[in-house]
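Trainee: What follows is protein_11.pdb, made up of PDB, C-alpha atoms and all ligand atoms:
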```pdb
ATOM      1  CA  MET P   1      89.330 107.486  88.195
ATOM      2  CA  THR P   2      90.743 103.982  88.795
ATOM      3  CA  PHE P   3      94.254 104.850  89.959
ATOM      4  CA  VAL P   4      95.568 107.557  92.256
ATOM      5  CA  ASP P   5      97.425 110.228  90.278
ATOM      6  CA  VAL P   6     100.268 110.846  92.755
ATOM      7  CA  PRO P   7     103.321 108.721  93.635
ATOM      8  CA  VAL P   8     102.963 106.506  96.720
ATOM      9  CA  THR P   9     105.980 105.770  98.940
ATOM     10  CA  VAL P  10     106.379 103.018 101.548
ATOM     11  CA  ARG P  11     109.112 102.011 103.961
ATOM     12  CA  VAL P  12     109.402  98.293 104.601
ATOM     13  CA  PRO P  13     111.465  96.582 107.311
ATOM     14  CA  ALA P  14     114.072  93.872 107.131
ATOM     15  CA  THR P  15     112.951  90.743 108.949
ATOM     16  CA  SER P  16     114.585  87.837 110.710
ATOM     17  CA  ALA P  17     112.780  84.511 110.429
ATOM     18  CA  ASN P  18     113.037  81.305 112.474
ATOM     19  CA  LEU P  19     114.852  82.980 115.429
ATOM     20  CA  GLY P  20     116.380  79.576 116.155
ATOM     21  CA  PRO P  21     113.717  76.916 116.694
ATOM     22  CA  GLY P  22     110.712  78.517 114.933
ATOM     23  CA  PHE P  23     111.446  77.298 111.414
ATOM     24  CA  ASP P  24     108.966  78.743 108.871
ATOM     25  CA  SER P  25     106.869  80.090 111.761
ATOM     26  CA  LEU P  26     108.477  82.804 113.900
ATOM     27  CA  GLY P  27     109.647  86.152 112.556
ATOM     28  CA  MET P  28     110.567  89.634 113.700
ATOM     29  CA  ALA P  29     110.617  93.032 111.991
ATOM     30  CA  LEU P  30     113.874  94.938 112.422
ATOM     31  CA  SER P  31     114.655  98.672 112.447
ATOM     32  CA  TRP P  32     116.306  98.555 109.011
ATOM     33  CA  TYR P  33     114.248  99.708 106.027
ATOM     34  CA  ASP P  34     114.015  99.807 102.251
ATOM     35  CA  GLU P  35     112.023 102.641 100.676
ATOM     36  CA  VAL P  36     109.968 102.164  97.523
ATOM     37  CA  THR P  37     107.912 104.640  95.493
ATOM     38  CA  ALA P  38     105.405 103.611  92.825
ATOM     39  CA  GLU P  39     103.709 105.888  90.330
ATOM     40  CA  VAL P  40     101.194 105.046  87.611
ATOM     41  CA  THR P  41     102.310 106.245  84.158
ATOM     42  CA  THR P  42     100.779 106.226  80.682
ATOM     43  CA  SER P  43     102.813 103.254  79.398
ATOM     44  CA  GLY P  44     105.757 100.915  80.015
ATOM     45  CA  LEU P  45     107.644  99.823  83.107
ATOM     46  CA  THR P  46     110.598 101.924  84.244
ATOM     47  CA  PHE P  47     112.895 101.690  87.264
ATOM     48  CA  ASP P  48     115.170 103.932  89.260
ATOM     49  CA  ILE P  49     117.106 101.642  91.627
ATOM     50  CA  GLU P  50     119.924 102.497  93.986
ATOM     51  CA  GLY P  51     121.672 100.690  96.824
ATOM     52  CA  GLU P  52     121.677  96.957  97.553
ATOM     53  CA  GLY P  53     121.257  94.735  94.511
ATOM     54  CA  ALA P  54     121.118  97.693  92.094
ATOM     55  CA  ASP P  55     123.663  96.042  89.788
ATOM     56  CA  GLU P  56     122.021  92.603  89.928
ATOM     57  CA  VAL P  57     118.239  92.903  89.938
ATOM     58  CA  PRO P  58     116.420  92.947  86.586
ATOM     59  CA  ARG P  59     114.713  96.081  85.307
ATOM     60  CA  ASP P  60     111.763  94.416  83.627
ATOM     61  CA  GLU P  61     108.618  92.394  84.428
ATOM     62  CA  THR P  62     110.702  89.778  86.271
ATOM     63  CA  HIS P  63     111.699  92.262  89.023
ATOM     64  CA  LEU P  64     110.327  90.852  92.291
ATOM     65  CA  LEU P  65     108.635  94.089  93.349
ATOM     66  CA  TYR P  66     106.824  94.309  90.019
ATOM     67  CA  ARG P  67     105.835  90.615  90.143
ATOM     68  CA  ALA P  68     104.259  91.175  93.567
ATOM     69  CA  MET P  69     102.451  94.294  92.329
ATOM     70  CA  ASP P  70     101.224  92.487  89.240
ATOM     71  CA  ALA P  71      99.828  89.604  91.310
ATOM     72  CA  ALA P  72      98.070  92.111  93.580
ATOM     73  CA  PHE P  73      96.632  93.997  90.581
ATOM     74  CA  ASP P  74      95.175  90.655  89.423
ATOM     75  CA  LEU P  75      93.384  90.332  92.771
ATOM     76  CA  LEU P  76      92.245  93.954  92.605
ATOM     77  CA  GLY P  77      90.960  93.475  89.070
ATOM     78  CA  GLU P  78      92.821  96.523  87.698
ATOM     79  CA  LYS P  79      96.005  96.940  85.627
ATOM     80  CA  PRO P  80      97.732 100.306  85.216
ATOM     81  CA  ALA P  81      98.882 101.275  81.705
ATOM     82  CA  GLY P  82     102.382 101.901  82.972
ATOM     83  CA  LEU P  83     104.430 102.080  86.173
ATOM     84  CA  HIS P  84     107.531 103.869  87.383
ATOM     85  CA  LEU P  85     109.203 102.255  90.411
ATOM     86  CA  THR P  86     111.863 103.939  92.537
ATOM     87  CA  CYS P  87     113.767 101.628  94.922
ATOM     88  CA  ARG P  88     116.109 102.847  97.645
ATOM     89  CA  ASN P  89     117.500  99.518  98.813
ATOM     90  CA  THR P  90     119.475  99.182 102.027
ATOM     91  CA  ILE P  91     118.595  95.618 103.116
ATOM     92  CA  PRO P  92     121.296  93.271 101.762
ATOM     93  CA  HIS P  93     120.123  90.530  99.402
ATOM     94  CA  GLY P  94     120.568  86.818 100.078
ATOM     95  CA  ARG P  95     121.770  87.299 103.652
ATOM     96  CA  GLY P  96     118.779  86.014 105.652
ATOM     97  CA  LEU P  97     117.339  89.446 106.409
ATOM     98  CA  GLY P  98     114.174  89.088 104.392
ATOM     99  CA  SER P  99     114.999  91.282 101.376
ATOM    100  CA  SER P 100     112.679  89.240  99.151
ATOM    101  CA  ALA P 101     109.862  89.425 101.698
ATOM    102  CA  ALA P 102     110.397  93.189 101.940
ATOM    103  CA  ALA P 103     110.069  93.559  98.161
ATOM    104  CA  ILE P 104     106.924  91.397  98.131
ATOM    105  CA  ALA P 105     105.303  93.170 101.099
ATOM    106  CA  ALA P 106     106.060  96.576  99.598
ATOM    107  CA  GLY P 107     104.727  95.447  96.225
ATOM    108  CA  VAL P 108     101.366  94.139  97.369
ATOM    109  CA  VAL P 109     100.723  97.135  99.635
ATOM    110  CA  LEU P 110     101.746  99.639  96.946
ATOM    111  CA  ALA P 111      99.515  98.002  94.343
ATOM    112  CA  ARG P 112      96.508  98.211  96.660
ATOM    113  CA  ALA P 113      97.319 101.827  97.539
ATOM    114  CA  LEU P 114      97.490 102.824  93.864
ATOM    115  CA  VAL P 115      93.966 101.577  93.162
ATOM    116  CA  VAL P 116      91.269 104.009  94.245
ATOM    117  CA  GLY P 117      89.209 102.172  96.876
ATOM    118  CA  GLY P 118      91.724  99.303  96.921
ATOM    119  CA  ASP P 119      91.296  98.874 100.693
ATOM    120  CA  GLU P 120      87.634  97.988 100.203
ATOM    121  CA  ARG P 121      88.422  95.363  97.577
ATOM    122  CA  VAL P 122      91.322  93.494  99.205
ATOM    123  CA  ASP P 123      91.882  93.241 102.967
ATOM    124  CA  ASP P 124      95.134  92.709 104.900
ATOM    125  CA  THR P 125      94.537  88.973 105.362
ATOM    126  CA  THR P 126      94.181  88.501 101.608
ATOM    127  CA  LEU P 127      97.355  90.496 100.951
ATOM    128  CA  PHE P 128      99.189  88.386 103.542
ATOM    129  CA  GLY P 129      97.984  85.206 101.823
ATOM    130  CA  LEU P 130      99.168  86.469  98.452
ATOM    131  CA  ALA P 131     102.548  87.526  99.892
ATOM    132  CA  THR P 132     102.958  84.095 101.501
ATOM    133  CA  ASP P 133     102.224  82.356  98.200
ATOM    134  CA  LEU P 134     104.822  84.506  96.444
ATOM    135  CA  GLU P 135     107.489  84.025  99.145
ATOM    136  CA  GLY P 136     106.722  80.322  99.737
ATOM    137  CA  HIS P 137     106.565  80.588 103.543
ATOM    138  CA  PRO P 138     104.848  83.065 105.880
ATOM    139  CA  ASP P 139     107.504  83.792 108.509
ATOM    140  CA  ASN P 140     109.171  86.808 106.824
ATOM    141  CA  VAL P 141     106.217  88.367 105.037
ATOM    142  CA  ALA P 142     104.145  88.472 108.253
ATOM    143  CA  PRO P 143     106.500  90.814 110.153
ATOM    144  CA  ALA P 144     107.335  92.682 106.927
ATOM    145  CA  LEU P 145     103.615  93.494 106.600
ATOM    146  CA  PHE P 146     102.540  93.815 110.235
ATOM    147  CA  GLY P 147     105.738  94.596 112.214
ATOM    148  CA  GLY P 148     106.667  93.306 115.682
ATOM    149  CA  PHE P 149     107.082  89.622 116.453
ATOM    150  CA  THR P 150     104.856  87.229 114.528
ATOM    151  CA  ILE P 151     103.843  83.604 114.893
ATOM    152  CA  SER P 152     102.634  82.310 111.529
ATOM    153  CA  TRP P 153     101.149  79.032 110.415
ATOM    154  CA  ILE P 154      99.243  77.444 107.546
ATOM    155  CA  GLU P 155      95.596  76.513 108.209
ATOM    156  CA  GLY P 156      94.352  74.339 105.360
ATOM    157  CA  ALA P 157      95.424  76.396 102.350
ATOM    158  CA  ALA P 158      95.398  79.725 104.205
ATOM    159  CA  ALA P 159      98.249  81.545 105.912
ATOM    160  CA  GLU P 160      97.482  82.843 109.398
ATOM    161  CA  THR P 161      99.513  85.026 111.725
ATOM    162  CA  LEU P 162      99.419  86.320 115.276
ATOM    163  CA  ARG P 163     101.347  89.537 115.962
ATOM    164  CA  LEU P 164     102.848  90.317 119.348
ATOM    165  CA  ASP P 165     104.620  93.460 120.559
ATOM    166  CA  VAL P 166     108.091  92.694 121.845
ATOM    167  CA  GLU P 167     111.134  94.775 122.673
ATOM    168  CA  ALA P 168     114.641  93.404 122.249
ATOM    169  CA  ASP P 169     118.179  94.564 121.601
ATOM    170  CA  VAL P 170     119.368  92.876 118.431
ATOM    171  CA  THR P 171     122.754  92.806 116.704
ATOM    172  CA  VAL P 172     123.183  91.387 113.216
ATOM    173  CA  PHE P 173     126.535  90.286 111.815
ATOM    174  CA  VAL P 174     126.277  90.272 108.017
ATOM    175  CA  PRO P 175     128.880  88.322 106.012
ATOM    176  CA  PRO P 176     130.057  89.726 102.674
ATOM    177  CA  GLU P 177     128.858  86.784 100.571
ATOM    178  CA  PRO P 178     125.206  85.740 100.081
ATOM    179  CA  VAL P 179     123.625  82.299 100.363
ATOM    180  CA  ALA P 180     120.357  82.117  98.421
ATOM    181  CA  THR P 181     117.409  80.989 100.536
ATOM    182  CA  SER P 182     116.541  78.414  97.861
ATOM    183  CA  VAL P 183     120.014  76.858  98.252
ATOM    184  CA  ALA P 184     119.784  76.826 102.059
ATOM    185  CA  ARG P 185     116.321  75.214 101.889
ATOM    186  CA  GLY P 186     117.729  72.549  99.574
ATOM    187  CA  LEU P 187     120.055  71.398 102.369
ATOM    188  CA  LEU P 188     117.190  70.401 104.646
ATOM    189  CA  PRO P 189     116.240  66.714 104.978
ATOM    190  CA  GLU P 190     112.802  65.391 104.033
ATOM    191  CA  GLN P 191     112.407  63.854 107.499
ATOM    192  CA  VAL P 192     113.812  64.623 110.949
ATOM    193  CA  PRO P 193     114.064  62.452 114.075
ATOM    194  CA  HIS P 194     111.012  62.610 116.350
ATOM    195  CA  GLY P 195     113.268  63.611 119.256
ATOM    196  CA  ASP P 196     114.510  66.646 117.334
ATOM    197  CA  ALA P 197     110.964  67.691 116.414
ATOM    198  CA  SER P 198     109.954  67.395 120.042
ATOM    199  CA  PHE P 199     113.054  69.335 121.132
ATOM    200  CA  ASN P 200     112.159  72.198 118.786
ATOM    201  CA  ALA P 201     108.487  72.212 119.804
ATOM    202  CA  GLY P 202     109.512  72.857 123.425
ATOM    203  CA  ARG P 203     112.071  75.505 122.500
ATOM    204  CA  THR P 204     109.631  77.321 120.178
ATOM    205  CA  ALA P 205     107.026  77.527 122.924
ATOM    206  CA  LEU P 206     109.702  78.746 125.348
ATOM    207  CA  LEU P 207     110.903  81.364 122.846
ATOM    208  CA  VAL P 208     107.471  83.002 122.714
ATOM    209  CA  ALA P 209     107.550  83.276 126.507
ATOM    210  CA  ALA P 210     111.188  84.417 126.560
ATOM    211  CA  LEU P 211     110.579  87.217 124.050
ATOM    212  CA  THR P 212     107.416  88.446 125.720
ATOM    213  CA  SER P 213     108.182  88.047 129.441
ATOM    214  CA  ALA P 214     111.202  85.885 130.301
ATOM    215  CA  PRO P 215     114.347  87.206 128.550
ATOM    216  CA  GLU P 216     116.579  85.243 130.933
ATOM    217  CA  ARG P 217     115.406  82.106 129.104
ATOM    218  CA  LEU P 218     116.565  83.294 125.665
ATOM    219  CA  ILE P 219     119.701  81.162 125.589
ATOM    220  CA  SER P 220     117.725  77.901 125.989
ATOM    221  CA  ALA P 221     114.830  79.221 123.947
ATOM    222  CA  THR P 222     116.947  79.878 120.836
ATOM    223  CA  GLU P 223     118.290  76.326 120.505
ATOM    224  CA  ASP P 224     117.399  74.552 117.271
ATOM    225  CA  ARG P 225     117.864  71.117 115.752
ATOM    226  CA  LEU P 226     115.684  71.391 112.650
ATOM    227  CA  HIS P 227     117.555  73.672 110.243
ATOM    228  CA  GLN P 228     120.767  75.294 111.467
ATOM    229  CA  PRO P 229     122.870  72.100 111.785
ATOM    230  CA  TYR P 230     121.915  71.056 108.243
ATOM    231  CA  ARG P 231     122.850  74.450 106.819
ATOM    232  CA  ALA P 232     126.188  74.765 108.622
ATOM    233  CA  GLU P 233     128.159  73.408 105.654
ATOM    234  CA  ALA P 234     126.964  76.297 103.462
ATOM    235  CA  MET P 235     127.918  78.938 106.047
ATOM    236  CA  PRO P 236     130.642  77.513 108.325
ATOM    237  CA  ASP P 237     131.888  80.907 109.572
ATOM    238  CA  SER P 238     128.364  81.951 110.554
ATOM    239  CA  TYR P 239     127.738  78.685 112.359
ATOM    240  CA  LYS P 240     131.062  79.054 114.186
ATOM    241  CA  LEU P 241     130.173  82.602 115.312
ATOM    242  CA  VAL P 242     126.779  81.399 116.587
ATOM    243  CA  ARG P 243     128.489  78.703 118.658
ATOM    244  CA  GLN P 244     131.151  81.089 120.004
ATOM    245  CA  LEU P 245     128.565  83.658 121.074
ATOM    246  CA  ARG P 246     126.385  81.002 122.699
ATOM    247  CA  VAL P 247     129.328  79.580 124.694
ATOM    248  CA  GLU P 248     129.714  83.090 126.124
ATOM    249  CA  GLY P 249     126.020  83.130 127.069
ATOM    250  CA  VAL P 250     124.850  85.398 124.224
ATOM    251  CA  PRO P 251     121.632  84.084 122.587
ATOM    252  CA  ALA P 252     122.618  83.873 118.915
ATOM    253  CA  VAL P 253     121.053  82.216 115.868
ATOM    254  CA  ILE P 254     121.346  82.069 112.110
ATOM    255  CA  SER P 255     118.982  84.775 110.807
ATOM    256  CA  GLY P 256     116.441  83.260 108.423
ATOM    257  CA  ALA P 257     118.163  80.917 106.000
ATOM    258  CA  GLY P 258     121.476  82.661 106.710
ATOM    259  CA  PRO P 259     124.259  83.499 106.491
ATOM    260  CA  THR P 260     123.670  86.533 108.785
ATOM    261  CA  VAL P 261     124.081  85.864 112.513
ATOM    262  CA  LEU P 262     121.539  87.492 114.831
ATOM    263  CA  ALA P 263     122.243  87.959 118.556
ATOM    264  CA  PHE P 264     119.834  89.190 121.218
ATOM    265  CA  ALA P 265     122.227  91.765 122.704
ATOM    266  CA  HIS P 266     123.973  95.043 121.982
ATOM    267  CA  GLY P 267     127.614  95.917 122.704
ATOM    268  CA  LEU P 268     129.098  93.036 120.726
ATOM    269  CA  GLU P 269     131.706  95.114 118.826
ATOM    270  CA  ALA P 270     134.510  92.715 119.741
ATOM    271  CA  TRP P 271     132.740  89.812 118.018
ATOM    272  CA  SER P 272     132.556  91.219 114.504
ATOM    273  CA  PRO P 273     134.586  89.110 112.042
ATOM    274  CA  ALA P 274     136.835  91.058 109.659
ATOM    275  CA  GLY P 275     135.015  92.080 106.489
ATOM    276  CA  TRP P 276     131.536  91.553 107.961
ATOM    277  CA  ALA P 277     129.061  94.368 108.612
ATOM    278  CA  ARG P 278     127.609  94.707 112.121
ATOM    279  CA  ARG P 279     124.452  96.642 112.967
ATOM    280  CA  GLU P 280     122.720  97.233 116.276
ATOM    281  CA  LEU P 281     118.970  97.166 115.748
ATOM    282  CA  ARG P 282     115.678  97.056 117.600
ATOM    283  CA  VAL P 283     112.398  95.347 116.851
ATOM    284  CA  SER P 284     110.380  97.477 114.434
ATOM    285  CA  PRO P 285     106.822  97.830 115.750
ATOM    286  CA  GLU P 286     105.808  98.880 112.245
ATOM    287  CA  GLY P 287     105.641  96.697 109.191
ATOM    288  CA  VAL P 288     105.361  98.271 105.745
ATOM    289  CA  HIS P 289     104.061 101.828 106.202
ATOM    290  CA  PHE P 290     103.359 104.888 104.074
ATOM    291  CA  ARG P 291     105.722 107.828 103.871
ATOM    292  CA  SER P 292     104.630 111.215 102.685
TER     293      SER P 292
HETATM  294  N1  LIG C   1     114.521  94.923  96.668
HETATM  295  C1  LIG C   1     114.537  93.934  95.772
HETATM  296  N2  LIG C   1     114.282  94.177  94.476
HETATM  297  C2  LIG C   1     114.304  93.177  93.574
HETATM  298  N3  LIG C   1     114.592  91.910  93.858
HETATM  299  C3  LIG C   1     114.855  91.610  95.132
HETATM  300  C4  LIG C   1     114.831  92.599  96.145
HETATM  301  N4  LIG C   1     115.120  92.006  97.307
HETATM  302  C5  LIG C   1     115.327  90.715  97.033
HETATM  303  N5  LIG C   1     115.169  90.465  95.734
HETATM  304  C6  LIG C   1     115.322  89.179  95.062
HETATM  305  O1  LIG C   1     115.362  88.172  96.062
HETATM  306  C7  LIG C   1     116.654  87.552  96.108
HETATM  307  C8  LIG C   1     117.075  87.320  97.532
HETATM  308  O2  LIG C   1     116.113  86.516  98.143
HETATM  309  P1  LIG C   1     116.517  85.383  99.160
HETATM  310  O3  LIG C   1     117.506  84.446  98.534
HETATM  311  O4  LIG C   1     115.244  84.819  99.677
HETATM  312  O5  LIG C   1     117.312  86.146 100.296
HETATM  313  P2  LIG C   1     116.804  87.120 101.468
HETATM  314  O6  LIG C   1     117.184  86.392 102.698
HETATM  315  O7  LIG C   1     117.574  88.377 101.286
HETATM  316  O8  LIG C   1     115.319  87.293 101.314
HETATM  317  C9  LIG C   1     117.574  88.523  95.394
HETATM  318  O9  LIG C   1     118.678  87.840  94.837
HETATM  319  C10 LIG C   1     116.645  89.107  94.337
HETATM  320  O10 LIG C   1     116.501  88.219  93.259
HETATM  321  N1  LIG C   2     112.010  79.919 107.163
HETATM  322  C1  LIG C   2     112.793  80.351 106.035
HETATM  323  C2  LIG C   2     113.248  81.767 106.256
HETATM  324  C3  LIG C   2     114.041  82.339 105.109
HETATM  325  O1  LIG C   2     114.392  83.686 105.433
HETATM  326  P1  LIG C   2     115.328  84.548 104.480
HETATM  327  O2  LIG C   2     115.414  85.892 105.132
HETATM  328  O3  LIG C   2     116.647  83.846 104.446
HETATM  329  O4  LIG C   2     114.667  84.574 103.130
HETATM  330  C4  LIG C   2     113.997  79.419 105.903
HETATM  331  O5  LIG C   2     114.643  79.193 106.919
HETATM  332  O6  LIG C   2     114.233  78.920 104.794
END
```
In structure tokens, how does this file's structure come out?
Ligand SMILES: Nc1ncnc2c1ncn2[C@@H]1O[C@H](COP(=O)(O)OP(=O)(O)O)[C@@H](O)[C@H]1O
Ligand SMILES: N[C@@H](CCOP(=O)(O)O)C(=O)O
Mentor:
Amino acid sequence: MTFVDVPVTVRVPATSANLGPGFDSLGMALSWYDEVTAEVTTSGLTFDIEGEGADEVPRDETHLLYRAMDAAFDLLGEKPAGLHLTCRNTIPHGRGLGSSAAAIAAGVVLARALVVGGDERVDDTTLFGLATDLEGHPDNVAPALFGGFTISWIEGAAAETLRLDVEADVTVFVPPEPVATSVARGLLPEQVPHGDASFNAGRTALLVAALTSAPERLISATEDRLHQPYRAEAMPDSYKLVRQLRVEGVPAVISGAGPTVLAFAHGLEAWSPAGWARRELRVSPEGVHFRS
């Protein structure tokens, strides 16, 4: 038997990348999950999708979850005759909370789990490399796969990551309208001033210390000059909320490529703009994990 003959279900966390200065490097898994079930069938590709994006995502081979599974099946050297995918989506799309990374992480892990002996053929590092290739940067897929707080980098052609356990109170303010990550990346300049690069290098190093042992440094540690100022024009209300929170001493950043605002605090009810969603979260120690 090549494939397991029962459905496999995973939960996969939302993630927040960058965390201010750590552009394309730092990321954190959050206690907010999508749930995906995959089952091998005799033919075809069928979907049962509910929740976020259900009216927008395709129900064919171009669906991101399927594309990730298909790429993983290539690595595994096996293709199922058919698949049925059930998606219970709660992570909003295009808001900077890593919905695409969640779909990719769930897809590669599900594909490996469906192949009998898949763990012996493809290890976690290889899956992480594949997920990074599909996403285009490692900072969301690392915490989506491994949980916690991750520092990721590219070594030659390979993606690497270091996972750390951290605890933090997190609030996300989610605006009603999306900004696609591809659009937000298009706003970034080809080159940045050396002084800004140096500024961010210091803040990124400080942020690792602040999150692991020096939370009183979070306000300085979350400053950034490499991406947020360039993206402000695409998300002016988010940028304004970040500045307002920071003036009050609350460490706040644009989550990922935006437009969600992430603050390292709870009890921020009074700050929620009208029409935005607000959620109090914690760091998820678990990345994508199996559910029975
Ligand atoms: N659960 C999902 N199922 C299918 N496609 C998804 C899913 N999550 C994200 N996507 C795809 O990724 C896009 C959002 O990705 P992106 O712009 O990077 O924003 P985000 O910050 O949410 O990752 C969606 O518009 C959709 O095309
Ligand atoms: N480093 C990336 C992170 C994108 O995160 P997402 O959750 O918005 O997809 C970037 O800043 O472009």
Trainee: Using only C-alpha atoms, pick whichever of P:Leu45, P:Pro80, P:Phe149, P:Ala103 has the shortest atom-to-atom distance to Glu167 in chain P.
Mentor: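 Of P:Leu45, P:Pro80, P:Phe149, P:Ala103, the one nearest Glu167 in chain P, counting only C-alpha atoms, is P:Phe149.
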Trainee: Taking a cut-off of 7 Å and counting only C-alpha atoms and all ligand atoms, can you build a table that, for each residue of chain P near ligand LIG 1 (chain C), reports the nearest atom pair and how far apart they are in Å (one decimal), sorted by chain then residue number, as JSON lines?
Mentor:
```
{"residue": "P:Gly53", "atom": "CA", "partner": "C:LIG1", "partner_atom": "C1", "distance": 6.9}
{"residue": "P:Val57", "atom": "CA", "partner": "C:LIG1", "partner_atom": "C2", "distance": 5.4}
{"residue": "P:His63", "atom": "CA", "partner": "C:LIG1", "partner_atom": "C2", "distance": 5.3}
{"residue": "P:Leu64", "atom": "CA", "partner": "C:LIG1", "partner_atom": "N3", "distance": 4.7}
{"residue": "P:Leu65", "atom": "CA", "partner": "C:LIG1", "partner_atom": "C2", "distance": 5.7}
{"residue": "P:Cys87", "atom": "CA", "partner": "C:LIG1", "partner_atom": "N1", "distance": 7.0}
{"residue": "P:Asn89", "atom": "CA", "partner": "C:LIG1", "partner_atom": "N1", "distance": 5.9}
{"residue": "P:Pro92", "atom": "CA", "partner": "C:LIG1", "partner_atom": "O7", "distance": 6.2}
{"residue": "P:His93", "atom": "CA", "partner": "C:LIG1", "partner_atom": "O7", "distance": 3.8}
{"residue": "P:Gly94", "atom": "CA", "partner": "C:LIG1", "partner_atom": "O5", "distance": 3.3}
{"residue": "P:Arg95", "atom": "CA", "partner": "C:LIG1", "partner_atom": "O6", "distance": 4.8}
{"residue": "P:Gly96", "atom": "CA", "partner": "C:LIG1", "partner_atom": "O6", "distance": 3.4}
{"residue": "P:Leu97", "atom": "CA", "partner": "C:LIG1", "partner_atom": "O6", "distance": 4.8}
{"residue": "P:Gly98", "atom": "CA", "partner": "C:LIG1", "partner_atom": "O8", "distance": 3.7}
{"residue": "P:Ser99", "atom": "CA", "partner": "C:LIG1", "partner_atom": "O7", "distance": 3.9}
{"residue": "P:Ser100", "atom": "CA", "partner": "C:LIG1", "partner_atom": "C5", "distance": 3.7}
{"residue": "P:Ala101", "atom": "CA", "partner": "C:LIG1", "partner_atom": "O8", "distance": 5.9}
{"residue": "P:Ala102", "atom": "CA", "partner": "C:LIG1", "partner_atom": "N4", "distance": 6.7}
{"residue": "P:Ala103", "atom": "CA", "partner": "C:LIG1", "partner_atom": "N1", "distance": 4.9}
{"residue": "P:Val179", "atom": "CA", "partner": "C:LIG1", "partner_atom": "O3", "distance": 6.7}
{"residue": "P:Ala180", "atom": "CA", "partner": "C:LIG1", "partner_atom": "O3", "distance": 3.7}
{"residue": "P:Thr181", "atom": "CA", "partner": "C:LIG1", "partner_atom": "O3", "distance": 4.0}
{"residue": "P:Ser182", "atom": "CA", "partner": "C:LIG1", "partner_atom": "O3", "distance": 6.1}
{"residue": "P:Gly256", "atom": "CA", "partner": "C:LIG1", "partner_atom": "O6", "distance": 6.6}
{"residue": "P:Ala257", "atom": "CA", "partner": "C:LIG1", "partner_atom": "O6", "distance": 6.5}
{"residue": "P:Gly258", "atom": "CA", "partner": "C:LIG1", "partner_atom": "O6", "distance": 7.0}
```
Trainee: Using CA of Thr204 in chain P and CA of Gly147 in chain P as the two end points, give the distance in Å to one decimal.
Mentor: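 Answer for the CA of Thr204 in chain P to CA of Gly147 in chain P separation: 19.4 Å.
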Trainee: Tell me, as JSON, numbers by chain, which residues lie within 12 Å of Ser238 in chain P, counting all atoms listed in the file; anything in the same chain fewer than 6 positions away does not count.
Mentor: {"P": [95, 96, 172, 173, 174, 175, 176, 177, 178, 179, 228, 229, 231, 232, 244, 245, 252, 253, 254, 255, 257, 258, 259, 260, 261, 262, 263, 271, 272, 273, 276]}
Trainee: From the set P:Val250, P:Ala221, P:Val170, P:Ala214, which residue has the shortest atom-to-atom contact distance to His266 in chain P, counting only C-alpha atoms?
Mentor: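 Ranked by minimum distance to His266 in chain P, first place goes to P:Val170.
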Trainee: Quick one: everything within 6 Å of range 20-22 of chain P, counting all atoms listed in the file, minus sequence neighbours fewer than 4 positions away in the same chain. Send it as a list in words.
Mentor: Leu26, Asn200, Thr204, Thr222, Glu223, Asp224 and Val253 of chain P
Trainee: Box time for range 16-22 of chain P: axis-aligned, enclosing all its listed atoms, 8 Å extra on each side; report centre and edge lengths in Å to one decimal, as JSON.
Mentor:
```
{"center_x": 113.5, "center_y": 82.4, "center_z": 113.6, "size_x": 21.7, "size_y": 26.9, "size_z": 22.3}
```
Trainee: How far is it from CA of Pro143 in chain P to CA of Glu39 in chain P, in Å with one decimal?
Mentor: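 Interatomic distance, CA of Pro143 in chain P to CA of Glu39 in chain P: 25.1 Å.
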Trainee: For the PyMOL selection byres (((chain P and resi 157) around 12) and not hetatm), applied here, can you spell out every residue it catches as a list in words?
Mentor: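 Checking the PyMOL selection byres (((chain P and resi 157) around 12) and not hetatm) against this file, the residues are Gly129, Leu130, Thr132, Asp133, His137, Trp153, Ile154, Glu155, Gly156, Ala158, Ala159 and Glu160 of chain P.
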Trainee: Kindly indicate which residue among P:Ala142, P:Val122, P:Leu76, P:Leu85 lies nearest to ligand LIG 2 (chain C), using all atoms listed in the file for the distances.
Mentor: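 Using all atoms listed in the file, ligand LIG 2 (chain C) sits closest to P:Ala142.
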Trainee: Measuring atom to atom with only C-alpha atoms, identify which of P:Pro251, P:Leu188, P:Asp119, P:Leu218 is nearest to Tyr230 in chain P.
Mentor: P:Leu188
Trainee: Any chance you could work out the residue set of the PyMOL selection byres (((chain P and resi 30) around 6) and not hetatm) here, as JSON, numbers by chain?
Mentor: {"P": [13, 14, 15, 29, 31, 32, 282, 283, 284]}
Trainee: Do you have the atom C4 of ligand LIG 2 (chain C)-CA of Met28 in chain P distance handy?
Mentor: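 These atoms are spaced 13.3 Å apart.
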